[in-house]
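Working notes, structure below.
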Amino acid sequence: MTKIANPHTWEKFTERGDVRRHPGSTFVAHVPEGSEFQQVEIRIQDDIKSRGWETDYGFTVPSSFHMTLLNGLKHRSLLGQKEAWPAWLNETDDFPDSVVRMRQRLVEANIEGPKALAVRAVEMYPLDEHLTVKLKPADESVRQEIERFRCDIGEALEIPVTSLEHYQLHSTLGYRLTQAEGNLEELSEAEELYNSWLQEMGVINLEPAFFSLFNDMQSFPPLLYFDPRER
């Protein structure tokens with residue numbers, strides 16, 4: 001099997017599909033455990049494995065399933081990070097110290113989380129590239145709340161933020177490790193099947209947004225919730 005030519009993937013996973021240390025921060029909302037959406041995501045992973053494609057992907061675990069609201073900063077040694085960091089963090093001693101300072105800025109900014117995180121599943125990304133579900137806001141009011149939240153974070157941390165027109169909300173189930181060779185038709189059929197499962201779903205209600213520090217792609221513990229009810 002030929003490895004996929006994506007250097008970002010190899011920062012996160014080995015060729016065997018084992019996770020690598022990949023320290024970073026992010027803004028996410030967990031998929032509720034036991035929810036219909038989590039069960040569909042697990043069903044997709046299980047179907048991938050039943051087809052003998054288990055070695056083609058590095059999988060995330062169900063307890064970590066989430067929707068990414070905004071990518072945070074990662075360790076400076078990782079791809080593209082040196083130029084991404086704002087000047088006010090230049091004097092930090094190490095990555096944990098940077099995260100502590102980011103959290104403090106977020107606390108002082110008193111940012112309100114989105115009033116509702118109701119989304120709908122759109123479709124899968126192409127399976128020869130990703131194992132990821134595309135998501136969209138359930139209605140215009142949710143879209144506006146997510147846009148406002150992203151902008152508030154960007155202003156507080158002095159990091160660039162694009163509009164949702166240029167950012168795809170998503171929930172990642174795994175990372176493609178190999179190039180698809182000879183089974184594109186099978187992948188297309190599986191993709192259509194998974195899309196049919198997703199289209200059967202109604203509105204997906206996610207848990208409150210939070211700021212997270214992670215060490216790999218398997219766990220995203222909350223450091224700061226943005227739900228006003230938690231403050």
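Here's how to read the names in the structure tokens: chain A, B, ... by the order shown, residue numbers from 1 in each chain, ligand numbers from 1 in the order shown.
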Closest-contact table, range 31-57 of chain A side, partner range 108-129 of chain A, 12 Å, counting only C-alpha atoms, as a tab-separated table:
residue	atom	partner	partner_atom	distance
A:Val31	CA	A:Leu117	CA	10.5
A:Pro32	CA	A:Leu117	CA	11.7
A:Glu36	CA	A:Ala121	CA	11.8
A:Phe37	CA	A:Ala121	CA	9.0
A:Gln38	CA	A:Ala121	CA	11.9
A:Val40	CA	A:Ala121	CA	10.8
A:Glu41	CA	A:Met124	CA	10.7
A:Ile44	CA	A:Met124	CA	10.2
A:Gln45	CA	A:Leu127	CA	11.7
A:Ile48	CA	A:Leu127	CA	9.9
A:Trp53	CA	A:Leu127	CA	10.8
A:Asp56	CA	A:Asp128	CA	9.3
A:Tyr57	CA	A:Leu127	CA	9.8
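Within 12 Å of Ser219 in chain A, once only C-alpha atoms are used and residues closer than 4 positions along the same chain are dropped, the contacting residues are Val19, Arg21, His22, Pro23, Gly24, Ser25, Thr26, Val28, His30, Thr60, Val61, Pro62, Ser63, Ser64, Phe65, His66, Ser212, Leu213, Phe214 and Asn215 of chain A.
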Dump N, CA, C and O atoms for the selected residues as a CSV table (one decimal), in the first residue's frame?
chain,number,residue,atom,x,y,z
A,19,VAL,N,-1.7,6.7,17.1
A,19,VAL,CA,-1.6,8.1,17.3
A,19,VAL,C,-0.2,8.6,17.7
A,19,VAL,O,0.5,7.9,18.4
A,21,ARG,N,2.1,11.9,19.3
A,21,ARG,CA,1.9,13.1,20.1
A,21,ARG,C,1.8,14.3,19.2
A,21,ARG,O,2.6,14.5,18.3
A,22,HIS,N,0.7,15.1,19.4
A,22,HIS,CA,0.4,16.2,18.5
A,22,HIS,C,-0.2,17.3,19.4
A,22,HIS,O,-1.4,17.6,19.3
A,23,PRO,N,0.6,18.0,20.2
A,23,PRO,CA,0.0,18.9,21.2
A,23,PRO,C,-0.6,20.2,20.5
A,23,PRO,O,0.1,20.8,19.6
A,24,GLY,N,-1.7,20.5,20.9
A,24,GLY,CA,-2.4,21.7,20.4
A,24,GLY,C,-3.6,22.1,21.2
A,24,GLY,O,-3.9,21.6,22.2
A,25,SER,N,-4.3,23.2,20.7
A,25,SER,CA,-5.5,23.7,21.3
A,25,SER,C,-6.6,23.8,20.2
A,25,SER,O,-6.2,24.0,19.0
A,26,THR,N,-7.8,23.8,20.7
A,26,THR,CA,-8.9,23.9,19.7
A,26,THR,C,-10.2,24.3,20.4
A,26,THR,O,-10.2,24.4,21.6
A,28,VAL,N,-14.1,23.3,20.3
A,28,VAL,CA,-15.0,22.3,19.8
A,28,VAL,C,-16.3,22.2,20.6
A,28,VAL,O,-16.4,22.8,21.7
A,30,HIS,N,-18.6,18.7,21.9
A,30,HIS,CA,-18.7,17.3,21.8
A,30,HIS,C,-20.0,16.8,21.2
A,30,HIS,O,-21.1,17.4,21.4
A,60,THR,N,-10.3,7.9,15.1
A,60,THR,CA,-10.6,8.6,16.3
A,60,THR,C,-11.5,7.7,17.2
A,60,THR,O,-12.1,6.7,16.6
A,61,VAL,N,-11.6,8.0,18.4
A,61,VAL,CA,-12.5,7.1,19.3
A,61,VAL,C,-13.8,7.8,19.6
A,61,VAL,O,-13.9,9.0,19.6
A,62,PRO,N,-14.9,7.0,19.8
A,62,PRO,CA,-16.2,7.6,20.0
A,62,PRO,C,-16.3,8.6,21.1
A,62,PRO,O,-17.0,9.6,21.0
A,63,SER,N,-15.6,8.4,22.2
A,63,SER,CA,-15.7,9.4,23.3
A,63,SER,C,-15.1,10.8,22.9
A,63,SER,O,-15.4,11.8,23.6
A,64,SER,N,-14.3,10.8,21.8
A,64,SER,CA,-13.7,12.1,21.4
A,64,SER,C,-14.5,12.8,20.3
A,64,SER,O,-14.1,13.9,19.9
A,65,PHE,N,-15.5,12.1,19.8
A,65,PHE,CA,-16.2,12.7,18.6
A,65,PHE,C,-16.7,14.1,19.0
A,65,PHE,O,-17.3,14.4,20.0
A,66,HIS,N,-16.5,15.0,18.0
A,66,HIS,CA,-16.9,16.4,18.3
A,66,HIS,C,-17.0,17.2,16.9
A,66,HIS,O,-16.6,16.6,15.9
A,212,SER,N,-10.1,23.6,24.4
A,212,SER,CA,-9.5,22.3,24.7
A,212,SER,C,-8.0,22.3,24.4
A,212,SER,O,-7.6,22.9,23.5
A,213,LEU,N,-7.3,21.7,25.3
A,213,LEU,CA,-5.9,21.4,25.1
A,213,LEU,C,-5.8,19.9,24.8
A,213,LEU,O,-6.3,19.1,25.6
A,214,PHE,N,-5.1,19.5,23.7
A,214,PHE,CA,-5.0,18.1,23.4
A,214,PHE,C,-3.6,17.7,23.2
A,214,PHE,O,-2.7,18.5,22.9
A,215,ASN,N,-3.3,16.4,23.4
A,215,ASN,CA,-1.9,15.9,23.2
A,215,ASN,C,-1.9,15.0,22.0
A,215,ASN,O,-0.8,14.6,21.5
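Closest approach to Phe27 in chain A among A:Asn6, A:Thr55, A:Thr14, A:Thr68: A:Thr68, based on only C-alpha atoms.
Counting from CA of Ala180 in chain A, the distance to CA of Gln168 in chain A is 23.4 Å.
Across the model, the gap from CA of Tyr175 in chain A to CA of Gly58 in chain A is 5.1 Å.
In this comparison, which uses only C-alpha atoms, the residue of A:Lys136, A:Pro208, A:Met1, A:Ile153 approaching Glu165 in chain A most closely is A:Lys136.
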